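Student: Sharing coords_8.txt here; it has compact mmCIF, C-alpha atoms.
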```txt
# COMPACT_ATOMS: atom_id res chain seq x y z
CA MET A 1 45.78 34.88 -15.08
CA THR A 2 42.53 34.13 -16.84
CA GLU A 3 43.49 30.48 -17.30
CA ALA A 4 44.38 30.19 -13.58
CA VAL A 5 40.99 31.60 -12.58
CA ALA A 6 39.23 29.25 -15.01
CA ASP A 7 41.18 26.27 -13.64
CA ALA A 8 40.34 27.26 -10.06
CA ALA A 9 36.66 27.64 -10.97
CA ALA A 10 36.68 24.25 -12.69
CA ARG A 11 38.32 22.60 -9.68
CA GLY A 12 35.82 24.29 -7.37
CA TYR A 13 32.94 23.04 -9.53
CA VAL A 14 34.30 19.48 -9.48
CA GLU A 15 34.80 19.57 -5.71
CA THR A 16 31.29 20.94 -5.23
CA ARG A 17 29.83 18.15 -7.33
CA ARG A 18 31.81 15.55 -5.38
CA ALA A 19 30.67 17.00 -2.08
CA GLY A 20 27.07 17.07 -3.28
CA ARG A 21 27.36 13.46 -4.41
CA ARG A 22 28.75 12.43 -1.02
CA VAL A 23 25.90 14.19 0.78
CA PHE A 24 23.39 12.52 -1.54
CA TYR A 25 24.83 9.05 -0.92
CA ALA A 26 24.94 9.70 2.83
CA ILE A 27 21.26 10.71 2.83
CA VAL A 28 20.33 7.61 0.80
CA VAL A 29 22.23 5.36 3.23
CA LEU A 30 20.59 7.00 6.25
CA LEU A 31 17.14 6.62 4.73
CA CYS A 32 17.78 2.96 3.94
CA VAL A 33 18.98 2.34 7.49
CA TRP A 34 16.00 4.24 8.89
CA VAL A 35 13.55 2.08 6.90
CA LEU A 36 15.27 -1.29 6.80
CA LEU A 37 16.81 -1.54 10.29
CA PRO A 38 13.47 -1.84 12.18
CA ILE A 39 12.27 -4.45 9.67
CA TYR A 40 15.52 -6.37 10.05
CA LEU A 41 15.37 -6.33 13.86
CA LEU A 42 11.73 -7.42 13.68
CA LEU A 43 12.65 -10.39 11.51
CA VAL A 44 15.63 -11.26 13.72
CA ASN A 45 13.39 -11.57 16.77
CA ALA A 46 10.64 -13.35 14.83
CA LEU A 47 13.15 -15.97 13.61
CA SER A 48 14.69 -16.54 17.04
CA ALA A 49 13.65 -18.76 19.91
CA PRO A 50 11.32 -17.21 22.53
CA ALA A 51 14.07 -17.40 25.14
CA GLU A 52 16.44 -15.48 22.85
CA VAL A 53 13.87 -12.73 22.27
CA THR A 54 13.79 -11.84 25.96
CA ALA A 55 17.51 -12.44 26.56
CA PHE A 56 20.09 -9.69 27.08
CA PRO A 57 22.13 -8.68 25.21
CA GLN A 58 20.02 -9.02 22.11
CA ARG A 59 21.22 -11.01 19.12
CA PHE A 60 21.94 -9.17 15.89
CA TRP A 61 21.71 -12.34 13.81
CA PRO A 62 18.69 -14.66 13.81
CA SER A 63 19.12 -18.21 15.09
CA PHE A 64 16.47 -19.35 12.59
CA ASP A 65 14.54 -21.03 15.36
CA LEU A 66 10.83 -21.25 14.53
CA GLY A 67 9.74 -21.31 18.14
CA SER A 68 8.31 -17.77 18.08
CA ILE A 69 6.54 -18.39 14.76
CA SER A 70 5.13 -21.68 16.04
CA PHE A 71 3.94 -19.99 19.22
CA PHE A 72 2.27 -17.27 17.16
CA VAL A 73 0.57 -19.69 14.74
CA ASN A 74 -0.72 -21.90 17.55
CA PHE A 75 -1.99 -18.97 19.58
CA GLN A 76 -5.77 -19.17 19.82
CA GLY A 77 -7.53 -16.95 17.28
CA VAL A 78 -4.49 -16.00 15.21
CA LEU A 79 -5.21 -18.14 12.15
CA ARG A 80 -8.81 -16.99 12.02
CA ALA A 81 -7.74 -13.34 12.29
CA LEU A 82 -5.12 -13.89 9.58
CA TRP A 83 -7.72 -15.40 7.26
CA ASN A 84 -10.06 -12.48 7.97
CA SER A 85 -7.29 -10.05 7.00
CA VAL A 86 -6.70 -11.90 3.73
CA GLN A 87 -10.42 -11.86 2.88
CA VAL A 88 -10.87 -8.18 3.72
CA ALA A 89 -7.74 -7.12 1.82
CA ALA A 90 -8.69 -9.17 -1.26
CA LEU A 91 -12.25 -7.83 -1.29
CA THR A 92 -10.98 -4.27 -0.77
CA MET A 93 -8.57 -4.71 -3.67
CA ILE A 94 -11.33 -5.98 -5.99
CA LEU A 95 -13.79 -3.25 -5.04
CA SER A 96 -11.20 -0.48 -5.28
CA ILE A 97 -10.07 -1.55 -8.74
CA GLY A 98 -13.61 -2.28 -9.93
CA LEU A 99 -14.83 1.18 -8.91
CA GLY A 100 -11.65 3.24 -9.21
CA ALA A 101 -10.51 2.21 -12.69
CA PRO A 102 -13.79 3.13 -14.46
CA ALA A 103 -13.89 6.41 -12.56
CA GLY A 104 -10.30 7.19 -13.55
CA TYR A 105 -11.06 6.34 -17.18
CA ALA A 106 -14.16 8.56 -17.21
CA LEU A 107 -12.21 11.47 -15.70
CA SER A 108 -9.46 11.16 -18.28
CA ARG A 109 -11.59 10.63 -21.39
CA PHE A 110 -14.88 12.51 -20.92
CA ASP A 111 -15.79 16.12 -20.23
CA PHE A 112 -18.92 16.55 -18.14
CA ARG A 113 -20.43 19.12 -15.86
CA GLY A 114 -18.97 18.97 -12.37
CA LYS A 115 -15.82 17.09 -13.41
CA GLU A 116 -13.45 19.28 -11.39
CA ALA A 117 -15.82 19.22 -8.42
CA PHE A 118 -15.88 15.43 -8.59
CA ARG A 119 -12.09 15.27 -8.59
CA PHE A 120 -12.02 17.61 -5.61
CA LEU A 121 -14.57 15.49 -3.74
CA VAL A 122 -12.51 12.36 -4.41
CA VAL A 123 -9.55 13.97 -2.67
CA MET A 124 -11.73 15.40 0.09
CA THR A 125 -12.81 11.92 1.16
CA ARG A 126 -9.42 11.64 2.88
CA ALA A 127 -9.82 14.98 4.65
CA PHE A 128 -12.04 13.52 7.36
CA PRO A 129 -10.25 11.43 9.99
CA LEU A 130 -11.57 7.92 10.40
CA PRO A 131 -12.11 8.23 14.19
CA LEU A 132 -14.57 11.07 13.48
CA LEU A 133 -16.62 8.74 11.27
CA ALA A 134 -16.27 5.60 13.38
CA LEU A 135 -19.36 6.09 15.57
CA PRO A 136 -21.77 6.98 12.71
CA LEU A 137 -20.41 4.08 10.69
CA ALA A 138 -20.85 1.68 13.60
CA VAL A 139 -24.46 2.82 14.13
CA MET A 140 -25.27 2.57 10.41
CA PHE A 141 -23.67 -0.87 10.08
CA ILE A 142 -25.62 -2.16 13.07
CA ARG A 143 -28.88 -0.94 11.52
CA VAL A 144 -28.22 -2.56 8.12
CA GLY A 145 -26.65 -5.72 9.52
CA LEU A 146 -23.09 -5.15 8.30
CA ASP A 147 -21.50 -4.83 11.73
CA ASP A 148 -18.82 -7.39 12.56
CA THR A 149 -18.74 -8.71 8.98
CA ILE A 150 -16.02 -9.09 6.38
CA VAL A 151 -18.08 -7.22 3.78
CA GLY A 152 -18.76 -4.25 6.06
CA LEU A 153 -15.11 -3.81 6.96
CA ALA A 154 -14.07 -4.20 3.32
CA LEU A 155 -16.48 -1.41 2.38
CA VAL A 156 -14.82 0.91 4.90
CA HIS A 157 -11.35 -0.02 3.64
CA THR A 158 -12.52 0.52 0.07
CA THR A 159 -13.57 4.03 1.04
CA LEU A 160 -10.02 4.64 2.27
CA ALA A 161 -8.34 3.13 -0.79
CA LEU A 162 -10.69 4.38 -3.51
CA PRO A 163 -9.23 7.94 -3.81
CA PHE A 164 -5.79 6.50 -4.51
CA ALA A 165 -7.20 4.08 -7.08
CA VAL A 166 -9.09 6.86 -8.87
CA LEU A 167 -6.17 9.28 -8.95
CA ILE A 168 -3.60 6.68 -9.98
CA THR A 169 -5.71 5.29 -12.84
CA PHE A 170 -6.72 8.82 -13.88
CA SER A 171 -3.07 9.80 -14.23
CA LEU A 172 -2.26 6.64 -16.14
CA PHE A 173 -5.20 6.89 -18.57
CA SER A 174 -4.32 10.54 -19.16
CA GLY A 175 -0.82 9.44 -20.19
CA ILE A 176 -2.18 7.02 -22.81
CA PRO A 177 -2.89 8.92 -26.06
CA VAL A 178 -6.54 8.93 -27.04
CA GLU A 179 -5.41 8.60 -30.66
CA LEU A 180 -4.65 4.93 -30.00
CA GLU A 181 -8.30 4.32 -29.18
CA GLU A 182 -9.45 6.36 -32.16
CA ALA A 183 -7.23 4.30 -34.44
CA ALA A 184 -8.79 1.13 -33.04
CA TRP A 185 -12.27 2.55 -33.68
CA THR A 186 -11.42 3.17 -37.31
CA LEU A 187 -10.34 -0.47 -37.61
CA GLY A 188 -13.73 -1.72 -36.48
CA CYS A 189 -13.35 -1.91 -32.71
CA THR A 190 -16.09 -0.72 -30.41
CA ARG A 191 -15.23 1.47 -27.41
CA VAL A 192 -15.30 -1.58 -25.16
CA SER A 193 -13.13 -3.76 -27.42
CA ALA A 194 -10.72 -0.87 -28.02
CA PHE A 195 -10.37 -0.41 -24.29
CA ARG A 196 -9.84 -4.15 -23.77
CA LYS A 197 -7.31 -4.63 -26.58
CA VAL A 198 -5.46 -1.30 -26.59
CA VAL A 199 -5.87 0.63 -23.37
CA LEU A 200 -6.11 -2.17 -20.81
CA PRO A 201 -2.67 -3.70 -21.55
CA LEU A 202 -1.09 -0.27 -21.15
CA ALA A 203 -3.15 0.45 -18.04
CA LEU A 204 -2.22 -2.81 -16.34
CA PRO A 205 0.72 -1.25 -14.42
CA GLY A 206 -1.58 1.42 -12.98
CA ILE A 207 -4.16 -1.17 -12.04
CA ALA A 208 -1.47 -3.23 -10.34
CA ALA A 209 -0.28 -0.14 -8.47
CA SER A 210 -3.84 0.57 -7.36
CA ALA A 211 -4.10 -3.02 -6.17
CA VAL A 212 -0.88 -2.62 -4.17
CA PHE A 213 -2.13 0.51 -2.42
CA ALA A 214 -5.55 -0.99 -1.71
CA PHE A 215 -4.03 -4.20 -0.36
CA VAL A 216 -1.51 -2.43 1.89
CA ILE A 217 -4.07 0.07 3.19
CA SER A 218 -6.50 -2.69 4.09
CA TRP A 219 -3.84 -5.00 5.48
CA ASN A 220 -2.39 -2.37 7.83
CA GLU A 221 -5.61 -0.57 8.83
CA VAL A 222 -6.43 -1.09 12.50
CA PHE A 223 -8.85 1.55 13.78
CA ALA A 224 -11.92 0.61 11.74
CA ALA A 225 -11.17 -3.08 12.22
CA ALA A 226 -11.01 -2.60 15.99
CA VAL A 227 -14.21 -0.52 16.17
CA LEU A 228 -16.44 -2.31 13.67
CA THR A 229 -15.59 -5.94 14.46
CA ILE A 230 -15.76 -8.10 17.56
CA GLU A 231 -15.79 -11.75 16.55
CA ASN A 232 -14.39 -11.33 13.03
CA ARG A 233 -11.35 -9.23 13.85
CA THR A 234 -8.51 -8.85 11.39
CA LEU A 235 -4.96 -9.63 12.41
CA THR A 236 -4.10 -5.99 13.16
CA ALA A 237 -7.15 -5.57 15.40
CA PHE A 238 -6.49 -8.93 17.05
CA LEU A 239 -2.89 -7.99 17.85
CA LEU A 240 -3.96 -4.58 19.13
CA GLN A 241 -6.51 -6.23 21.39
CA SER A 242 -3.92 -8.59 22.90
CA LEU A 243 -0.94 -6.22 22.75
CA ASN A 244 -0.79 -5.42 26.46
CA VAL A 245 -1.08 -9.02 27.64
CA SER A 246 0.83 -10.89 24.94
CA PRO A 247 4.50 -11.88 25.39
CA LEU A 248 7.29 -10.43 23.28
CA PRO A 249 7.64 -13.46 20.97
CA LEU A 250 3.99 -13.12 19.97
CA LYS A 251 4.41 -9.39 19.31
CA PHE A 252 7.47 -9.83 17.10
CA ALA A 253 6.01 -12.78 15.22
CA GLY A 254 2.74 -10.88 14.73
CA GLY A 255 4.62 -7.84 13.46
CA ALA A 256 6.49 -10.02 10.98
CA ALA A 257 3.19 -11.58 9.86
CA LEU A 258 1.89 -8.10 9.08
CA VAL A 259 5.01 -6.76 7.35
CA VAL A 260 6.19 -9.73 5.28
CA PRO A 261 3.01 -10.34 3.20
CA ALA A 262 2.80 -6.66 2.23
CA LEU A 263 6.48 -6.66 1.21
CA LEU A 264 6.07 -9.86 -0.78
CA PHE A 265 2.99 -8.50 -2.52
CA ILE A 266 4.81 -5.31 -3.52
CA PHE A 267 7.84 -7.34 -4.66
CA ALA A 268 5.58 -9.53 -6.82
CA VAL A 269 4.12 -6.56 -8.71
CA ARG A 270 7.27 -4.45 -8.78
CA LYS A 271 7.65 -4.77 -12.56
CA TYR A 272 4.22 -3.24 -13.03
CA LEU A 273 5.14 -0.38 -10.71
CA PHE A 274 8.34 0.27 -12.66
CA ALA A 275 6.41 0.08 -15.91
CA MET A 276 3.91 2.62 -14.60
CA TRP A 277 6.79 4.92 -13.64
CA GLY A 278 8.13 4.64 -17.19
CA ILE A 279 4.74 5.45 -18.70
CA ALA A 280 4.31 8.43 -16.38
CA ASN A 281 7.66 9.86 -17.47
CA ARG A 282 6.98 9.64 -21.20
```
Any chance you could put this one into structure tokens?
Tutor:
Amino acid sequence: MTEAVADAAARGYVETRRAGRRVFYAIVVLLCVWVLLPIYLLLVNALSAPAEVTAFPQRFWPSFDLGSISFFVNFQGVLRALWNSVQVAALTMILSIGLGAPAGYALSRFDFRGKEAFRFLVVMTRAFPLPLLALPLAVMFIRVGLDDTIVGLALVHTTLALPFAVLITFSLFSGIPVELEEAAWTLGCTRVSAFRKVVLPLALPGIAASAVFAFVISWNEVFAAAVLTIENRTLTAFLLQSLNVSPLPLKFAGGAALVVPALLFIFAVRKYLFAMWGIANR
């Protein structure tokens, strides 16, 4: 009797685990479809002829016709807006890493008065919605001459990306034992050379992750770009401006131009992201 009950309990446990595994796989598949299907349909329409984009029924496979892409590239103002987006995203990435990494290192290695308050204020910078700050920022930028400039918009995007850069690098530096630096000091290294030779190679994944977040935030941001620029609009602001009057091929090709570079950038630094995940779990 006892063996029968034990066997029944064991079979019930196995069936429960199988059912849980099926539910898990089903959720993973649904999430993948939810994320990847819109991107796939966007690319299908971007890689199809303009006539096929507006045809019915819609194609599920791309015809690999570059008519929509060619129409998008030759549309007046697109290339300039695309170059503006690249400049703003690159400058945002440099400023976010240049300011966020030292702040993350200081938070992880030094104890000073107001440290917890500083960490709280870093997080609180994202508590205020950007539309609430848009008008004061526009007035201030006009007064100092930064309105409708690449540098001014990059400063705003850096403000949005900087909390992520600080918190990511803080977590990474906290996961690197301080004993490694102390050992380098005993071997004749200064604090700067110990950081450069010991800490920086280990921190490179976190810096790459910070760069990814800063790049994607700047590349996809539209509100500040639409409010603070007129002549030097980024691609997102340019597409938003012409969204109501532009044809479908331009919309799909513009959407692909926004999505594909961010995906390629993340794919290029994926090994650093995986390395950071490994460091965080040690």
Student: In Å, how far is it from atom CA of A:Thr92 to atom CA of A:Trp219?
Tutor: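 So the two atoms, atom CA of A:Thr92 and atom CA of A:Trp219, lie 9.5 Å apart.
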Student: Given all atoms listed in the file as the basis, pick out the residue of A:Phe110, A:Ser171, A:Gly255, A:Val88 nearest to A:Ile150.
Tutor: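 Ranked by minimum distance to A:Ile150, first place goes to A:Val88.
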Student: Counting all atoms listed in the file, which residue out of A:Ile176, A:Leu47, A:Leu228, A:Leu30 sits closest to A:Met140?
Tutor: A:Leu228
Student: Kindly assemble as a tab-separated table a list of the stretch 69-146 of chain A residues that lie within 10 Å of stretch 153-164 of chain A, each paired with its nearest atom pair and their distance in Å to one decimal, using all atoms listed in the file, sorted first by chain and then by ascending residue number.
Tutor:
```
residue	atom	partner	partner_atom	distance
A:Ser85	CA	A:Ala154	CA	9.7
A:Gln87	CA	A:Ala154	CA	8.5
A:Val88	CA	A:Ala154	CA	5.1
A:Ala89	CA	A:Ala154	CA	7.1
A:Ala90	CA	A:Ala154	CA	8.6
A:Leu91	CA	A:Ala154	CA	6.1
A:Thr92	CA	A:Thr158	CA	5.1
A:Met93	CA	A:Thr158	CA	7.5
A:Ile94	CA	A:Thr158	CA	9.0
A:Leu95	CA	A:Thr158	CA	6.5
A:Ser96	CA	A:Leu162	CA	5.2
A:Ile97	CA	A:Leu162	CA	7.9
A:Gly98	CA	A:Leu162	CA	9.7
A:Leu99	CA	A:Leu162	CA	7.5
A:Gly100	CA	A:Leu162	CA	5.9
A:Ala101	CA	A:Leu162	CA	9.4
A:Ala103	CA	A:Leu162	CA	9.8
A:Gly104	CA	A:Pro163	CA	9.8
A:Arg119	CA	A:Pro163	CA	9.2
A:Leu121	CA	A:Pro163	CA	9.2
A:Val122	CA	A:Pro163	CA	5.5
A:Val123	CA	A:Pro163	CA	6.1
A:Met124	CA	A:Pro163	CA	8.8
A:Thr125	CA	A:Pro163	CA	7.3
A:Arg126	CA	A:Leu160	CA	7.1
A:Leu130	CA	A:Leu160	CA	8.9
A:Ala134	CA	A:Val156	CA	9.8
A:Leu137	CA	A:Val156	CA	8.6
A:Phe141	CA	A:Leu153	CA	9.6
A:Leu146	CA	A:Leu153	CA	8.2
```
Student: Between atom CA of A:Leu66 and atom CA of A:Ala253, what distance in Å does the model show, to one decimal?
Tutor: 9.8 Å
Student: Set the distance at 10 Å and use all atoms listed in the file: which residues neighbour A:Trp83 once local chain neighbours fewer than 3 positions away are removed? I'd like the list as a list in words.
Tutor: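 My reading of the contact set: Val78, Leu79, Arg80, Val86, Gln87, Val88, Ala89, Asn232, Arg233, Thr234 and Leu235 of chain A.
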